[in-house]
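Report on one structure; see the data block that follows.
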Amino acid sequence: MERRMRVVGVLLILLVVLGAGLAYATGSDESKTPVTLTVLLFDRATAGFKPDEGLQAKYIQDEVKKALNYDVKFMTMPRFPDVDKVNLLMAGGQAPDVSFLYDTAAVTNYVTSGGLNELTGLIDKYAPKLKKLLGDDCLSYGRWSGKQWTVVAKRTLLARINTFIRKDWLDKLGLPLPKTRDEWYQDLVAFKSKDPGNTGGKVLPYLFQGVLPAEPDWNAANLIQSFLGKMSAEDMAVYSPSTVSRWVTPGYKDAVRFLNKLYSEGLLGPDFMLDKDGEQFKKFVAQGLVGSTMGNWDDPYRASPGLQAELAKAISGGLYVPIDPFVNAEGKTRKALYNPNGIYLFNPKFSKNTIPFLKYLEWMAKPEVRFFLQSGTMGVHYLEESDGIPIKYVDQSKLPGGDAQKTNWSDFCMILNGKEFGSDAKNAEAAALGSSYSPGYGDYLKPAYLMGMKDGFFGYHFDVVISSDAKFSGTLQQKSAEIWVQTITAKPAEFDALYDKLVSEWLSMGGQSVIDERRAAYKAAVKK
């Protein structure tokens with residue numbers, strides 16, 4: 001925690017110094033001198049694929065040079081821990097011209113400390129096609145106090161989290177798919193006591209995919225919703241997804257107590273807190289040891305990391321299917337959806353390429369560009385089209401041309417989170433047809449998506465800076481991860497006292513300040 005605070009402190013000092021020493025930089029729009037534009041890129045450690053040297057990177061470099069006379073240079077970084085990495089780059093004045101993060105609190109920190117170039121009015125002038133593609137609702141998430149500070153990627157599919165269970169294990173035990181929380185719990189008990197996978201006692205009835213500091217309850221989010229009480233519109237805004245990890249939301253403590261019960265009974269994997277990067281989770285799934293998981297709405301069926309595909313290789317008939325058993329007191333299976341926004345794309349204050357930043361994203365908004373970056377070439381990456389949607393994707397390991405033709409459909413078209421085909425219906429259809437997924441599992445995607453959307457809700461969007469959220473985000477995230485692990489793994493008899501003690505500490509470290517400021521901001525917005 002001390003290291004993170006030192007990094008944030010250095011970041012704030014340097015951003016102020018750099019901001020004071022540089023004029024508002026928009027870059028040379030008409031200069032005959034070629035612009036060198038640096039662009040951030042995730043490296044997801046896909047075997048045989050170097051993102052900054054691959055097919056998509058070379059396409060961008062060649063086509064942008066032709067269209068804009070920009071030399072694009074990529075800077076790669078691991079997907080996690082992305083916030084820490086970008087904080088360091090920002091503090092050192094080394095963040096690329098085109099930088100990005102998913103983390104709202106971190107980006108808010110950059111805004112409040114003067115670390116970003118303002119985009120108000122520039123998008124209209126230099127990126128009108130981009131603005132039309134994204135829409136004002138989406139772009140509004142990049143505004144603070146009425147000023148545009150980031151370009152916000154459009155999220156094309158809004159389902160967020162689903163629960164999955166081993167159907168082959170249920171079939172072997174003669175059990176139906178669970179429809180309630182108690183039925184799901186009884187299934188976990190049966191998995192442990194009867195070991196339908198013949199794991200030799202290694203069975204893990206329920207397992208987290210590690211602990212994300214920014215959102216430690218990610219791997220149990222739908223379960224937690226089933227415990228939460230009915231709230232006023234104001235409380236829904238105050239406790240909606242943010243740095244605040246909902247520790248004092250009515251019903252949240254009961255949800256964590258239930259997880260503590262699962263852990264104490266051996267139904268939740270015992271070493272989840274040690275799996276920092278999720279690699280152990282992937283290994284255990286591939287070995288056929290895990291009965292139930294929660295995560296991204298389509299997690300098992302994604303081509304990378306290929307959870308279902310790897311399970312099927314190891315266990316004949318091994319199959320994860322989506323379920324929706326977490327019914328609350330109102331008879332609903334509530335789920336937080338993704339807001340319409342995806343990643344925040346921003347131009348650091350020390351960059352001299354603000355206009356090139358926007359013109360690069362405007363170029364990317366061309367239909368032919370985003371189609372290639374998100375789908376590739378027919379006959380190479382996919383074999384057929386259905387109503388303009390690519391189908392029958394070729395497995396990455398079987399591409400003609402080998403590693404040279406490998407791709408990552410998720411990251412290069414950074415203005416979109418998800419594939420865009422012109423409408424919600426076509427986007428959902430594209431997912432169901434199997435793009436970016438392991439071959440053979442397309443039939444599970446449409447019901448999984450609909451399940452992930454059922455009784456879904458959006459988090460409240462504040463259009464003003466919640467300064468305490470930005471100020472305390474690093475400290476509160478780290479503390480939340482500690483509370484998550486300690487309360488779940490505590491002895492049941494000690495749970496209540498420990499929970500109250502740790503949450504009291506969390507509130508005193510800034511949590512109460514965030515809650516109070518969010519409440520005040522909501523009341524002010526309602527009065528307008």
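How things are named: the first chain in the structure tokens is A, the next is B, and so on; residues count from 1 in each chain; ligands count from 1 in the order shown.
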Self-check item: In region 130-204 of chain A, DSSP strand (DSSP E) residues written as a VMD selection string
Solution: chain A and resid 143 to 144 147 to 148 151 to 155 161 to 166 204
Quiz item: region 17-212 of chain A: which residues are alpha helix (DSSP H) by DSSP, as a ChimeraX atom specification?
Solution: /A:17-21,55-68,82-91,104-112,122-126,128-134,136-139,167-173,181-194
Exercise. Using only C-alpha atoms, determine which residues lie at most 9 Å from Asp103 (chain A), disregarding the query and same-chain residues fewer than 2 positions distant; provide the list as a ChimeraX atom specification.
Key: /A:83,101,105-108,214,343-344
Quiz prompt | Residue nearest Gly266 (chain A) among A:Tyr206, A:Phe462, A:Phe421, A:Tyr360 (counting only C-alpha atoms) | solution =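 Nearest to Gly266 (chain A): A:Tyr206.
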Practice problem: Write out as a list in words which residues come within 7 Å of Gln148 (chain A) when counting only C-alpha atoms, dropping same-chain ones fewer than 3 positions away. | Solution: Glu118, Leu119, Thr120, Gly142, Arg143 and Trp144 of chain A
Restricting the output to C-alpha atoms, write the selected residues as a short mmCIF file (atom, residue, chain, number, x, y, z; two decimals), in the first residue's frame.
data_model
loop_
_atom_site.label_atom_id
_atom_site.label_comp_id
_atom_site.auth_asym_id
_atom_site.auth_seq_id
_atom_site.Cartn_x
_atom_site.Cartn_y
_atom_site.Cartn_z
CA GLU A 118 -8.89 18.77 -22.72
CA LEU A 119 -10.89 17.58 -25.74
CA THR A 120 -13.93 19.88 -25.48
CA GLY A 142 -15.72 11.01 -20.50
CA ARG A 143 -16.91 14.38 -19.21
CA TRP A 144 -16.22 15.86 -15.83
#
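Counting only C-alpha atoms and comparing A:Leu223, A:Ala159, A:Leu212, A:Leu361, the residue that lies closest to Leu37 (chain A) is A:Leu361.
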Exercise. Using only C-alpha atoms, determine which residues lie at most 12 Å from Glu384 (chain A), disregarding the query and same-chain residues fewer than 5 positions distant; provide the list as a count of residues only.
Key: 14
Quiz prompt | Distance criterion (only C-alpha atoms): nearest to Asn417 (chain A) out of A:Val98, A:Ile165, A:Leu157, A:Leu289 | solution = A:Leu157
Quiz item: For Val111 (chain A), which of A:Lys454, A:Arg155, A:Arg257, A:Lys349 is the closest residue, counting only C-alpha atoms?
Solution: A:Lys349
Can you pull out every residue within 10 Å of region 63-66 of chain A, counting only C-alpha atoms, but drop anything in the same chain fewer than 5 positions away, and send it as a CSV table (one decimal) with N, CA and C atoms, in the first residue's frame?
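Written output follows (part_17.csv):
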chain,number,residue,atom,x,y,z
A,34,PRO,N,6.3,14.3,-40.7
A,34,PRO,CA,5.5,13.2,-40.2
A,34,PRO,C,5.4,13.2,-38.7
A,35,VAL,N,4.3,12.9,-38.2
A,35,VAL,CA,4.0,12.8,-36.7
A,35,VAL,C,4.4,11.4,-36.3
A,36,THR,N,5.1,11.3,-35.2
A,36,THR,CA,5.3,10.0,-34.5
A,36,THR,C,4.2,9.9,-33.4
A,58,LYS,N,0.8,-4.2,-37.9
A,58,LYS,CA,1.4,-3.8,-39.2
A,58,LYS,C,0.4,-3.1,-40.1
A,71,ASP,N,3.6,8.1,-38.1
A,71,ASP,CA,4.3,6.9,-37.8
A,71,ASP,C,3.8,6.4,-36.5
A,72,VAL,N,3.2,5.2,-36.5
A,72,VAL,CA,2.6,4.7,-35.2
A,72,VAL,C,3.6,3.8,-34.6
A,359,LYS,N,-7.4,12.3,-34.6
A,359,LYS,CA,-7.5,11.9,-36.0
A,359,LYS,C,-7.2,10.4,-36.2
A,360,TYR,N,-6.3,9.9,-35.3
A,360,TYR,CA,-6.1,8.5,-35.3
A,360,TYR,C,-7.3,7.7,-35.0
A,363,TRP,N,-9.8,7.9,-37.8
A,363,TRP,CA,-9.4,6.9,-38.9
A,363,TRP,C,-10.0,5.5,-38.5
A,364,MET,N,-9.8,5.2,-37.3
A,364,MET,CA,-10.2,3.9,-36.8
A,364,MET,C,-11.7,3.7,-36.9
A,369,VAL,N,-12.0,-0.2,-41.7
A,369,VAL,CA,-10.9,-0.4,-40.7
A,369,VAL,C,-11.3,-1.2,-39.5
Quiz prompt | Leu259 (chain A) environment, 10 Å, only C-alpha atoms, sequence neighbours closer than 2 positions dropped, as a PyMOL selection string | solution = chain A and resi 220+223-224+253-257+261-265+267-268+484+487-489
Quiz item: Which residue out of A:Tyr338, A:Phe100, A:Trp169, A:Phe495 has the minimum interatomic distance to Phe457 (chain A) when only C-alpha atoms are used?
Solution: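 Looking only at the distances to Phe457 (chain A), the closest residue turns out to be A:Tyr338.
Coordinates place CA of Leu116 (chain A) at a distance of 28.3 Å from CA of Pro216 (chain A).
Distances here use only C-alpha atoms; by that measure, the residue among A:Pro356, A:Gly388, A:Gly269, A:Gly229 closest to Arg334 (chain A) is A:Gly229.
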Quiz item: Which distance in Å separates CA of Ala521 (chain A) and CA of Ser480 (chain A), to one decimal?
Solution: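 Rounded to one decimal, the two atoms are 23.2 Å apart.
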